[in-house]
>>> print(open('work00.cif').read())   # mmCIF, C-alpha atoms
data_structure
loop_
_atom_site.label_atom_id
_atom_site.label_comp_id
_atom_site.auth_asym_id
_atom_site.auth_seq_id
_atom_site.Cartn_x
_atom_site.Cartn_y
_atom_site.Cartn_z
CA MET A 339 -16.42 -13.10 -24.72
CA ARG A 340 -20.06 -13.05 -23.62
CA VAL A 341 -21.17 -11.94 -20.18
CA SER A 342 -21.62 -15.60 -19.16
CA GLU A 343 -17.96 -16.34 -19.88
CA LEU A 344 -16.88 -13.12 -18.14
CA SER A 345 -18.81 -14.40 -15.12
CA SER A 346 -17.30 -17.89 -15.16
CA ARG A 347 -13.75 -16.53 -15.63
CA THR A 348 -14.01 -14.12 -12.71
CA GLY A 349 -16.40 -15.95 -10.39
CA VAL A 350 -18.61 -12.84 -10.27
CA PRO A 351 -22.31 -13.66 -10.84
CA VAL A 352 -23.95 -12.19 -13.98
CA PRO A 353 -26.46 -10.04 -12.02
CA THR A 354 -23.55 -8.50 -10.08
CA ILE A 355 -21.70 -7.75 -13.32
CA LYS A 356 -24.85 -6.07 -14.69
CA TYR A 357 -25.11 -4.04 -11.49
CA TYR A 358 -21.49 -2.86 -11.89
CA LEU A 359 -22.23 -1.94 -15.52
CA ARG A 360 -25.28 0.11 -14.47
CA GLU A 361 -23.25 1.84 -11.72
CA GLY A 362 -20.53 2.71 -14.23
CA LEU A 363 -17.77 0.74 -12.45
CA LEU A 364 -17.30 -1.38 -15.56
CA ALA A 365 -17.16 0.03 -19.10
CA PRO A 366 -19.85 -1.31 -21.49
CA GLY A 367 -18.81 -4.13 -23.81
CA VAL A 368 -18.96 -3.86 -27.60
CA ALA A 369 -22.56 -4.45 -28.74
CA THR A 370 -22.75 -7.51 -31.03
CA SER A 371 -26.55 -7.57 -31.32
CA ALA A 372 -29.57 -5.81 -29.84
CA ASN A 373 -29.20 -7.56 -26.49
CA GLN A 374 -25.67 -8.98 -26.45
CA SER A 375 -22.25 -7.45 -25.88
CA SER A 376 -18.71 -8.73 -26.13
CA TYR A 377 -16.24 -8.29 -23.27
CA SER A 378 -12.44 -8.33 -23.23
CA ASP A 379 -9.56 -9.32 -20.93
CA GLU A 380 -9.60 -5.73 -19.78
CA HIS A 381 -13.04 -6.39 -18.28
CA VAL A 382 -11.70 -9.48 -16.48
CA ARG A 383 -8.93 -7.42 -14.90
CA ARG A 384 -11.22 -4.58 -13.94
CA LEU A 385 -13.69 -6.98 -12.31
CA ALA A 386 -10.85 -8.48 -10.22
CA LEU A 387 -9.84 -4.97 -9.19
CA ILE A 388 -13.42 -4.16 -8.11
CA ARG A 389 -13.67 -7.42 -6.10
CA ALA A 390 -10.33 -6.77 -4.37
CA LEU A 391 -11.45 -3.26 -3.37
CA VAL A 392 -14.80 -4.56 -2.07
CA ASP A 393 -13.73 -7.85 -0.45
CA LEU A 394 -10.30 -7.06 0.99
CA GLY A 395 -10.50 -3.27 1.17
CA GLY A 396 -14.03 -3.22 2.57
CA LEU A 397 -15.01 -0.35 0.22
CA SER A 398 -18.63 0.46 -0.61
CA ILE A 399 -19.75 0.37 -4.26
CA ALA A 400 -20.08 4.17 -4.26
CA THR A 401 -16.50 4.55 -3.00
CA VAL A 402 -15.21 2.04 -5.56
CA GLY A 403 -16.87 4.27 -8.16
CA ASP A 404 -14.90 7.28 -6.88
CA VAL A 405 -11.50 5.56 -6.98
CA ILE A 406 -12.17 4.00 -10.39
CA ALA A 407 -13.09 7.42 -11.77
CA ALA A 408 -9.77 8.69 -10.40
CA ILE A 409 -7.90 5.84 -12.11
CA ASP A 410 -9.62 6.53 -15.44
CA ASP A 411 -9.11 10.30 -15.42
CA PRO A 412 -5.89 10.89 -17.40
CA ASP A 413 -5.63 14.48 -16.15
CA MET A 414 -5.66 13.78 -12.43
CA PRO A 415 -2.26 14.28 -10.73
CA LEU A 416 -1.02 11.14 -8.95
CA SER A 417 -0.85 12.87 -5.59
CA TYR A 418 -4.61 13.52 -5.91
CA VAL A 419 -5.21 9.85 -6.77
CA PHE A 420 -3.36 9.01 -3.53
CA GLY A 421 -5.61 11.39 -1.62
CA ILE A 422 -8.77 9.86 -3.08
CA ALA A 423 -7.57 6.32 -2.33
CA GLN A 424 -6.68 7.35 1.23
CA LEU A 425 -10.09 8.90 1.81
CA ALA A 426 -11.70 5.73 0.44
CA ILE A 427 -10.10 3.60 3.15
CA SER A 428 -10.54 6.16 5.92
CA ASP A 429 -14.31 6.18 6.25
CA THR A 430 -14.22 5.08 9.91
CA ASP A 431 -14.80 6.67 13.32
CA LEU A 432 -11.04 6.54 13.87
CA HIS A 433 -10.42 9.04 11.06
CA ASP A 434 -13.35 11.42 11.59
CA PRO A 435 -12.28 15.06 11.88
CA LEU A 436 -11.45 16.22 15.42
CA ASP A 437 -11.88 19.69 16.88
CA GLU A 438 -8.63 21.55 16.11
CA ALA A 439 -8.45 22.50 19.81
CA ASP A 440 -7.95 18.82 20.73
CA PRO A 441 -4.60 18.80 22.60
CA HIS A 442 -3.59 15.46 21.05
CA LEU A 443 -3.51 17.06 17.59
CA ALA A 444 -0.79 19.42 18.83
CA THR A 445 1.19 16.38 20.02
CA VAL A 446 0.81 14.76 16.60
CA ASP A 447 1.91 17.96 14.87
CA ALA A 448 5.01 18.27 17.07
CA LEU A 449 6.00 14.69 16.29
CA THR A 450 5.28 15.22 12.58
CA GLU A 451 7.57 18.23 12.53
CA ARG A 452 10.30 16.26 14.29
CA MET A 453 10.09 13.64 11.52
CA GLY A 454 10.24 16.36 8.85
CA TRP A 455 6.94 15.33 7.25
CA THR A 456 4.62 17.70 5.41
CA VAL A 457 1.06 16.61 6.20
CA SER A 458 -2.13 18.60 5.62
CA ALA A 459 -4.46 19.42 8.52
CA ASP A 460 -7.24 17.18 7.19
CA ASN A 461 -5.11 14.08 6.64
CA PRO A 462 -7.23 11.20 8.06
CA GLY A 463 -4.15 9.61 9.65
CA ARG A 464 -3.52 12.76 11.71
CA MET A 465 -6.94 12.29 13.35
CA GLY A 466 -6.33 8.57 13.89
CA VAL A 467 -2.98 9.04 15.63
CA ALA A 468 -4.48 11.71 17.92
CA ARG A 469 -7.31 9.36 18.88
CA VAL A 470 -4.89 6.52 19.65
CA LEU A 471 -2.71 8.82 21.80
CA GLU A 472 -5.83 9.81 23.74
CA ALA A 473 -6.79 6.15 24.22
CA TYR A 474 -3.29 5.26 25.54
CA GLU A 475 -3.66 8.06 28.07
CA ARG A 476 -7.16 7.16 29.17
CA ALA A 477 -6.26 3.49 29.51
CA GLY A 478 -3.51 4.50 31.94
CA HIS A 479 -0.60 3.88 29.55
CA PRO A 480 0.45 7.29 28.19
CA GLU A 481 4.02 5.96 27.97
CA LEU A 482 2.88 3.80 25.03
CA ALA A 483 3.22 6.99 22.93
CA GLU A 484 6.95 6.22 23.02
CA ILE A 485 6.40 3.55 20.37
CA TRP A 486 5.94 6.47 17.98
CA ASP A 487 9.61 6.59 16.94
CA GLY A 488 9.82 2.95 15.90
CA TYR A 489 6.40 3.07 14.27
CA ALA A 490 7.20 6.30 12.42
CA ARG A 491 10.43 4.90 11.00
CA GLY A 492 8.59 1.71 10.04
CA ALA A 493 5.85 3.74 8.34
CA GLU A 494 8.49 5.64 6.35
CA LEU A 495 9.93 2.39 4.93
CA ILE A 496 6.42 1.26 4.06
CA ALA A 497 5.36 4.50 2.34
CA GLN A 498 8.62 4.49 0.39
CA ALA A 499 7.87 0.94 -0.77
CA ASP A 500 4.39 2.12 -1.82
CA LEU A 501 5.84 4.97 -3.87
CA ALA A 502 8.56 2.80 -5.41
CA SER A 503 5.91 0.37 -6.67
CA VAL A 504 4.16 3.27 -8.40
CA GLN A 505 7.40 4.50 -9.98
CA ARG A 506 8.11 1.04 -11.41
CA GLN A 507 4.98 1.24 -13.61
CA HIS A 508 5.38 2.16 -17.28
CA THR A 509 2.11 3.91 -18.12
CA VAL A 510 0.28 6.69 -16.34
CA ALA A 511 -2.91 4.58 -16.15
CA ASP A 512 -0.98 1.71 -14.52
CA MET A 513 0.60 4.14 -12.07
CA ALA A 514 -2.84 5.40 -11.01
CA GLU A 515 -4.16 1.85 -10.70
CA THR A 516 -1.13 0.85 -8.61
CA VAL A 517 -1.74 3.80 -6.31
CA VAL A 518 -5.28 2.59 -5.66
CA VAL A 519 -4.52 -1.13 -5.31
CA GLY A 520 -1.44 -0.45 -3.19
CA THR A 521 -3.17 2.04 -0.92
CA VAL A 522 -6.30 -0.03 -0.37
CA LEU A 523 -4.62 -3.45 0.03
CA GLY A 524 -1.59 -2.02 1.83
CA ASP A 525 -3.37 -1.81 5.19
CA ALA A 526 -4.26 -5.50 4.94
CA MET A 527 -0.69 -6.43 3.95
CA LEU A 528 0.84 -4.32 6.68
CA THR A 529 -1.33 -5.38 9.61
CA SER A 530 -0.88 -9.00 8.51
CA LEU A 531 2.90 -8.70 8.41
CA ARG A 532 2.85 -7.07 11.85
CA ARG A 533 1.08 -10.18 13.24
CA MET A 534 3.80 -12.39 11.77
CA VAL A 535 6.78 -10.43 13.09
CA GLN A 536 5.12 -9.91 16.45
CA GLU A 537 4.85 -13.66 16.93
CA HIS A 538 8.47 -14.11 15.92
CA GLU A 539 9.70 -11.37 18.27
CA SER A 540 7.47 -12.32 21.21
CA TYR A 541 8.62 -15.94 21.29
CA ARG A 542 12.20 -14.78 20.93
CA LEU A 543 11.97 -12.36 23.89
CA PHE A 544 9.46 -14.15 26.11
CA PRO A 545 9.91 -17.89 25.43
CA ALA A 546 7.82 -19.08 28.40
CA GLN A 547 8.33 -16.56 31.18
CA ARG A 548 5.92 -13.70 31.80
CA MET B 493 -16.69 6.30 44.67
CA ARG B 494 -20.24 5.29 43.80
CA VAL B 495 -21.25 3.92 40.42
CA SER B 496 -22.72 7.32 39.47
CA GLU B 497 -19.33 8.99 39.97
CA LEU B 498 -17.57 6.16 38.14
CA SER B 499 -19.97 6.87 35.25
CA SER B 500 -19.41 10.64 35.25
CA ARG B 501 -15.62 10.26 35.47
CA THR B 502 -15.43 7.82 32.55
CA GLY B 503 -18.35 8.96 30.40
CA VAL B 504 -19.67 5.40 30.38
CA PRO B 505 -23.42 5.21 31.19
CA VAL B 506 -24.40 3.39 34.42
CA PRO B 507 -26.39 0.64 32.61
CA THR B 508 -23.31 -0.10 30.46
CA ILE B 509 -21.12 -0.31 33.59
CA LYS B 510 -23.62 -2.75 35.14
CA TYR B 511 -23.54 -4.80 31.96
CA TYR B 512 -19.72 -4.99 32.10
CA LEU B 513 -19.96 -6.05 35.76
CA ARG B 514 -22.42 -8.83 34.89
CA GLU B 515 -20.20 -10.00 32.01
CA GLY B 516 -17.19 -10.09 34.35
CA LEU B 517 -15.17 -7.49 32.40
CA LEU B 518 -15.05 -5.29 35.49
CA ALA B 519 -14.33 -6.60 39.01
CA PRO B 520 -17.11 -6.00 41.56
CA GLY B 521 -16.71 -2.97 43.85
CA VAL B 522 -16.54 -3.26 47.62
CA ALA B 523 -20.10 -3.64 48.98
CA THR B 524 -20.96 -0.72 51.29
CA SER B 525 -24.62 -1.66 51.82
CA ALA B 526 -27.14 -4.18 50.49
CA ASN B 527 -27.46 -2.37 47.15
CA GLN B 528 -24.41 -0.09 46.92
CA SER B 529 -20.76 -0.68 46.14
CA SER B 530 -17.68 1.49 46.19
CA TYR B 531 -15.36 1.68 43.17
CA SER B 532 -11.71 2.72 42.88
CA ASP B 533 -9.35 4.43 40.42
CA GLU B 534 -8.50 0.94 39.23
CA HIS B 535 -12.09 0.67 37.96
CA VAL B 536 -11.73 4.00 36.12
CA ARG B 537 -8.62 2.73 34.35
CA ARG B 538 -10.14 -0.62 33.53
CA LEU B 539 -13.25 1.03 32.06
CA ALA B 540 -11.05 3.21 29.84
CA LEU B 541 -9.23 0.08 28.70
CA ILE B 542 -12.52 -1.64 27.84
CA ARG B 543 -13.75 1.41 25.88
CA ALA B 544 -10.49 1.64 23.94
CA LEU B 545 -10.71 -2.04 22.99
CA VAL B 546 -14.36 -1.69 21.93
CA ASP B 547 -14.32 1.74 20.26
CA LEU B 548 -10.89 1.88 18.60
CA GLY B 549 -10.09 -1.84 18.42
CA GLY B 550 -13.57 -2.84 17.24
CA LEU B 551 -13.62 -5.84 19.60
CA SER B 552 -16.83 -7.56 20.67
CA ILE B 553 -17.68 -7.73 24.38
CA ALA B 554 -16.99 -11.48 24.38
CA THR B 555 -13.54 -10.91 22.90
CA VAL B 556 -12.78 -8.13 25.38
CA GLY B 557 -13.61 -10.71 28.08
CA ASP B 558 -11.02 -13.08 26.63
CA VAL B 559 -8.20 -10.55 26.52
CA ILE B 560 -9.02 -9.18 29.99
CA ALA B 561 -8.92 -12.72 31.40
CA ALA B 562 -5.46 -13.07 29.80
CA ILE B 563 -4.30 -9.82 31.42
CA ASP B 564 -5.56 -10.92 34.84
CA ASP B 565 -4.07 -14.43 34.75
CA PRO B 566 -0.68 -14.15 36.51
CA ASP B 567 0.43 -17.55 35.22
CA MET B 568 -0.03 -16.89 31.52
CA PRO B 569 3.25 -16.50 29.58
CA LEU B 570 3.51 -13.17 27.75
CA SER B 571 3.91 -14.82 24.36
CA TYR B 572 0.47 -16.41 24.94
CA VAL B 573 -1.00 -13.02 25.86
CA PHE B 574 0.34 -11.75 22.51
CA GLY B 575 -1.33 -14.66 20.75
CA ILE B 576 -4.69 -14.01 22.42
CA ALA B 577 -4.51 -10.27 21.63
CA GLN B 578 -3.61 -11.06 18.00
CA LEU B 579 -6.52 -13.47 17.64
CA ALA B 580 -8.83 -10.83 19.13
CA ILE B 581 -8.02 -8.37 16.34
CA SER B 582 -7.96 -11.00 13.58
CA ASP B 583 -11.60 -12.02 13.51
CA THR B 584 -12.06 -10.98 9.88
CA ASP B 585 -12.42 -12.69 6.50
CA LEU B 586 -8.88 -11.56 5.70
CA HIS B 587 -7.41 -13.79 8.42
CA ASP B 588 -9.63 -16.86 8.06
CA PRO B 589 -7.64 -20.09 7.67
CA LEU B 590 -6.79 -21.02 4.08
CA ASP B 591 -6.39 -24.50 2.61
CA GLU B 592 -2.72 -25.42 3.15
CA ALA B 593 -2.56 -26.33 -0.56
CA ASP B 594 -3.10 -22.65 -1.48
CA PRO B 595 -0.03 -21.75 -3.57
CA HIS B 596 0.17 -18.26 -2.05
CA LEU B 597 0.91 -19.74 1.38
CA ALA B 598 4.07 -21.30 -0.07
CA THR B 599 5.08 -17.86 -1.36
CA VAL B 600 4.52 -16.36 2.09
CA ASP B 601 6.55 -19.14 3.72
CA ALA B 602 9.45 -18.65 1.31
CA LEU B 603 9.50 -14.93 2.05
CA THR B 604 9.22 -15.59 5.81
CA GLU B 605 12.22 -17.89 5.66
CA ARG B 606 14.18 -15.28 3.75
CA MET B 607 13.49 -12.78 6.57
CA GLY B 608 14.55 -15.34 9.19
CA TRP B 609 11.20 -15.20 11.02
CA THR B 610 9.73 -18.10 12.98
CA VAL B 611 5.97 -17.99 12.44
CA SER B 612 3.46 -20.75 13.21
CA ALA B 613 1.24 -22.18 10.48
CA ASP B 614 -1.93 -20.76 12.01
CA ASN B 615 -0.67 -17.19 12.44
CA PRO B 616 -3.57 -15.00 11.19
CA GLY B 617 -1.14 -12.65 9.41
CA ARG B 618 0.16 -15.54 7.27
CA MET B 619 -3.37 -16.00 5.87
CA GLY B 620 -3.79 -12.26 5.34
CA VAL B 621 -0.57 -11.85 3.38
CA ALA B 622 -1.47 -14.84 1.16
CA ARG B 623 -4.89 -13.32 0.42
CA VAL B 624 -3.36 -9.96 -0.49
CA LEU B 625 -0.80 -11.61 -2.80
CA GLU B 626 -3.67 -13.41 -4.53
CA ALA B 627 -5.59 -10.14 -4.91
CA TYR B 628 -2.56 -8.39 -6.46
CA GLU B 629 -2.35 -11.21 -8.98
CA ARG B 630 -6.03 -11.28 -9.84
CA ALA B 631 -6.15 -7.50 -10.20
CA GLY B 632 -3.41 -7.77 -12.82
CA HIS B 633 -0.61 -6.39 -10.63
CA PRO B 634 1.41 -9.39 -9.37
CA GLU B 635 4.51 -7.15 -9.37
CA LEU B 636 3.03 -5.34 -6.35
CA ALA B 637 4.31 -8.30 -4.29
CA GLU B 638 7.71 -6.57 -4.63
CA ILE B 639 6.64 -4.13 -1.92
CA TRP B 640 7.16 -7.04 0.48
CA ASP B 641 10.77 -6.16 1.26
CA GLY B 642 10.10 -2.58 2.32
CA TYR B 643 6.93 -3.59 4.17
CA ALA B 644 8.68 -6.47 5.94
CA ARG B 645 11.54 -4.26 7.14
CA GLY B 646 8.99 -1.66 8.26
CA ALA B 647 6.99 -4.32 10.12
CA GLU B 648 10.17 -5.44 11.91
CA LEU B 649 10.80 -1.92 13.26
CA ILE B 650 7.19 -1.75 14.38
CA ALA B 651 7.13 -5.13 16.13
CA GLN B 652 10.40 -4.25 17.86
CA ALA B 653 8.82 -1.01 19.10
CA ASP B 654 5.86 -3.06 20.38
CA LEU B 655 8.14 -5.41 22.30
CA ALA B 656 10.30 -2.59 23.67
CA SER B 657 7.18 -0.94 25.13
CA VAL B 658 6.39 -4.19 26.95
CA GLN B 659 9.93 -4.52 28.30
CA ARG B 660 9.80 -0.98 29.71
CA GLN B 661 6.98 -1.97 32.12
CA HIS B 662 7.87 -2.75 35.74
CA THR B 663 5.25 -5.29 36.78
CA VAL B 664 4.11 -8.46 35.08
CA ALA B 665 0.46 -7.28 35.13
CA ASP B 666 1.45 -4.01 33.40
CA MET B 667 3.43 -5.96 30.82
CA ALA B 668 0.40 -8.08 29.99
CA GLU B 669 -1.84 -5.00 29.80
CA THR B 670 0.67 -3.25 27.54
CA VAL B 671 0.71 -6.27 25.24
CA VAL B 672 -3.07 -6.04 24.84
CA VAL B 673 -3.33 -2.25 24.48
CA GLY B 674 -0.33 -2.12 22.16
CA THR B 675 -1.49 -5.00 19.97
CA VAL B 676 -5.09 -3.83 19.65
CA LEU B 677 -4.40 -0.10 19.17
CA GLY B 678 -1.23 -0.68 17.16
CA ASP B 679 -3.12 -1.40 13.93
CA ALA B 680 -4.92 1.94 14.27
CA MET B 681 -1.67 3.78 15.02
CA LEU B 682 0.17 2.13 12.16
CA THR B 683 -2.39 2.55 9.40
CA SER B 684 -2.87 6.18 10.51
CA LEU B 685 0.87 6.89 10.36
CA ARG B 686 1.01 5.30 6.91
CA ARG B 687 -1.61 7.79 5.67
CA MET B 688 0.51 10.66 6.96
CA VAL B 689 3.82 9.54 5.44
CA GLN B 690 2.13 8.55 2.20
CA GLU B 691 0.83 12.10 1.76
CA HIS B 692 4.28 13.50 2.52
CA GLU B 693 6.02 11.16 0.07
CA SER B 694 3.44 11.44 -2.71
CA TYR B 695 3.58 15.24 -2.84
CA ARG B 696 7.36 15.07 -2.72
CA LEU B 697 7.59 12.64 -5.67
CA PHE B 698 4.55 13.69 -7.72
CA PRO B 699 4.03 17.41 -7.05
CA ALA B 700 1.51 17.99 -9.84
CA GLN B 701 2.42 15.63 -12.66
CA ARG B 702 0.82 12.23 -13.06
#
>>> encode(input="work00.cif", output="structure tokens")
Amino acid sequence: MRVSELSSRTGVPVPTIKYYLREGLLAPGVATSANQSSYSDEHVRRLALIRALVDLGGLSIATVGDVIAAIDDPDMPLSYVFGIAQLAISDTDLHDPLDEADPHLATVDALTERMGWTVSADNPGRMGVARVLEAYERAGHPELAEIWDGYARGAELIAQADLASVQRQHTVADMAETVVVGTVLGDAMLTSLRRMVQEHESYRLFPAQR
Amino acid sequence: MRVSELSSRTGVPVPTIKYYLREGLLAPGVATSANQSSYSDEHVRRLALIRALVDLGGLSIATVGDVIAAIDDPDMPLSYVFGIAQLAISDTDLHDPLDEADPHLATVDALTERMGWTVSADNPGRMGVARVLEAYERAGHPELAEIWDGYARGAELIAQADLASVQRQHTVADMAETVVVGTVLGDAMLTSLRRMVQEHESYRLFPAQR
């Protein structure tokens, strides 16, 4: 198909498609003349992937380039692809590195050990949990840290579902793509589901009292 | 204490404190002279709460005003406080209302019924899940919707931990405050924990292969 049809099938404007081509997010089409190329269904799918990462994942174009390069590199181990996808969605103040002397990091590490998890020192989630523990404390509710157990067991079920979805794929390229899509869209899925169950549980426990 | 001490104890600059006072986020201190007031430990705690909502929750000042009014209203049922806190953290494209004819909403409703949840039509999470399901499909991975079961069971554990933390409080005002802090900071806690367990699980399952 021509670029105009690629645009109408995906809803992505032609100038945006050309921008993605220049940035290397999208592979060139097959040249059919000096100034025309032909695109395939593979381009349609890749464009939808890029839009999902940008629109729902909130990723910058540069970061989309990094995760797409990871998907397309047949020699990259899947655990590295996970790491790259995690970093892509962790570019926020919450996940900035903390001074290792921060006492909340020691609390996180103790809890991590209790759960039996192996987590590297620079995992962005480790920083985020430490910052939330500090905020509970400063806001006068240090006892909120007790939610950790329920949250940690919930997070285990969720990460296992993430990994199972990767294992169900048949090709290595699809596994890598699933890692990226699942990691990036998983936050949106998860925080949305939490809003649904929270409503259900709150009306069940607190019908109209306070 | 004077406003200067309130500032040094909380790390919040005096002009910012005065802004919060003008916006009604912080109750006035006790006037000690024509142009001085005295502030209490309650002000220190409330300032920390405001900073947590702004810095880690990403809430606007206007939205912080809404949730603080909900905390301070002794007649508001807790399930309403939950609703207000949820809306406060759902002001994103992901949670914008969808046309009820959107076929992905029907998929969400079918899955909700299967879980036995009671969720209102305008729950922001319902919109978010529908948008993610659509993105899976467009990106060529509709089978990713199968993660739903693990995610839904994980979200149940998490929402139950949220509610348990509220029930552990002794006063109604503390319950309402816990609802807000827990709801707003819970997303940060949860997505951080997911990054930790995902690293643990991915290295366990995919040590160096791909």
>>> residues_around(input="work00.cif", residues="stretch 654-671 of chain B", least_positions_apart="3", cutoff="9 Å", atoms="only C-alpha atoms", output="ChimeraX atom specification")
/A:479,481-482,484-485,488-489,536,539-540,543,548 /B:560,562-566,568-570,573-574,577,649-651,674-676,678
>>> resolve_selection(input="work00.cif", expression="the PyMOL selection byres ((chain B and resi 509-514) around 10)", output="JSON, numbers by chain")
{"B": [495, 496, 498, 499, 502, 504, 505, 506, 507, 508, 515, 516, 517, 518, 519, 520, 521, 539, 542, 553, 557]}
>>> atom_distance(input="work00.cif", atom1="atom CA of B:Ile581", atom2="atom CA of B:Val556")
10.2 Å
>>> resolve_selection(input="work00.cif", expression="the PyMOL selection byres ((chain A and resi 458-463) around 6)", output="PyMOL selection string")
(chain A and resi 433+457+464-466) or (chain B and resi 684-685+687-688)
>>> atom_distance(input="work00.cif", atom1="atom CA of A:Gly421", atom2="atom CA of B:Glu626")
25.0 Å
>>> atom_distance(input="work00.cif", atom1="atom CA of A:Asp393", atom2="atom CA of A:His381")
17.9 Å
>>> resolve_selection(input="work00.cif", expression="the PyMOL selection byres ((chain A and resi 432) around 8)", output="PyMOL selection string")
(chain A and resi 428+430-431+433-434+465-466+469) or (chain B and resi 548+680)
>>> closest_residue(input="work00.cif", among="A:Ala400, A:Val392, A:Ala372, A:Ala407", to="chain B", atoms="all atoms listed in the file")
A:Val392
>>> axis_aligned_box(input="work00.cif", around="stretch 414-420 of chain A", padding_each_side="5 Å", output="lines of an AutoDock Vina configuration file")
center_x = -3.3
center_y = 11.6
center_z = -8.0
size_x = 14.8
size_y = 15.3
size_z = 18.9
>>> residues_around(input="work00.cif", residues="A:Glu343", least_positions_apart="6", cutoff="10 Å", atoms="all atoms listed in the file", output="list in words")
Gly349, Val352, Ser376, Tyr377 and Val382 of chain A
>>> residues_around(input="work00.cif", residues="A:Ala444", least_positions_apart="6", cutoff="10 Å", atoms="all atoms listed in the file", output="tab-separated table (two decimals) with C-alpha atoms, keeping the file's coordinate frame")
chain	number	residue	atom	x	y	z
A	438	GLU	CA	-8.63	21.55	16.11
A	450	THR	CA	5.28	15.22	12.58
A	468	ALA	CA	-4.48	11.71	17.92
>>> closest_residue(input="work00.cif", among="B:Ala637, B:Ala631, B:Met607, B:Leu590", to="chain A", atoms="all atoms listed in the file")
B:Ala631
>>> closest_residue(input="work00.cif", among="A:Val519, A:Ala386, A:Leu397, A:Val368", to="A:Asp429", atoms="all atoms listed in the file")
A:Leu397
>>> residues_around(input="work00.cif", residues="A:Leu449", least_positions_apart="6", cutoff="10 Å", atoms="all atoms listed in the file", output="ChimeraX atom specification")
/A:443,455,486-487,490
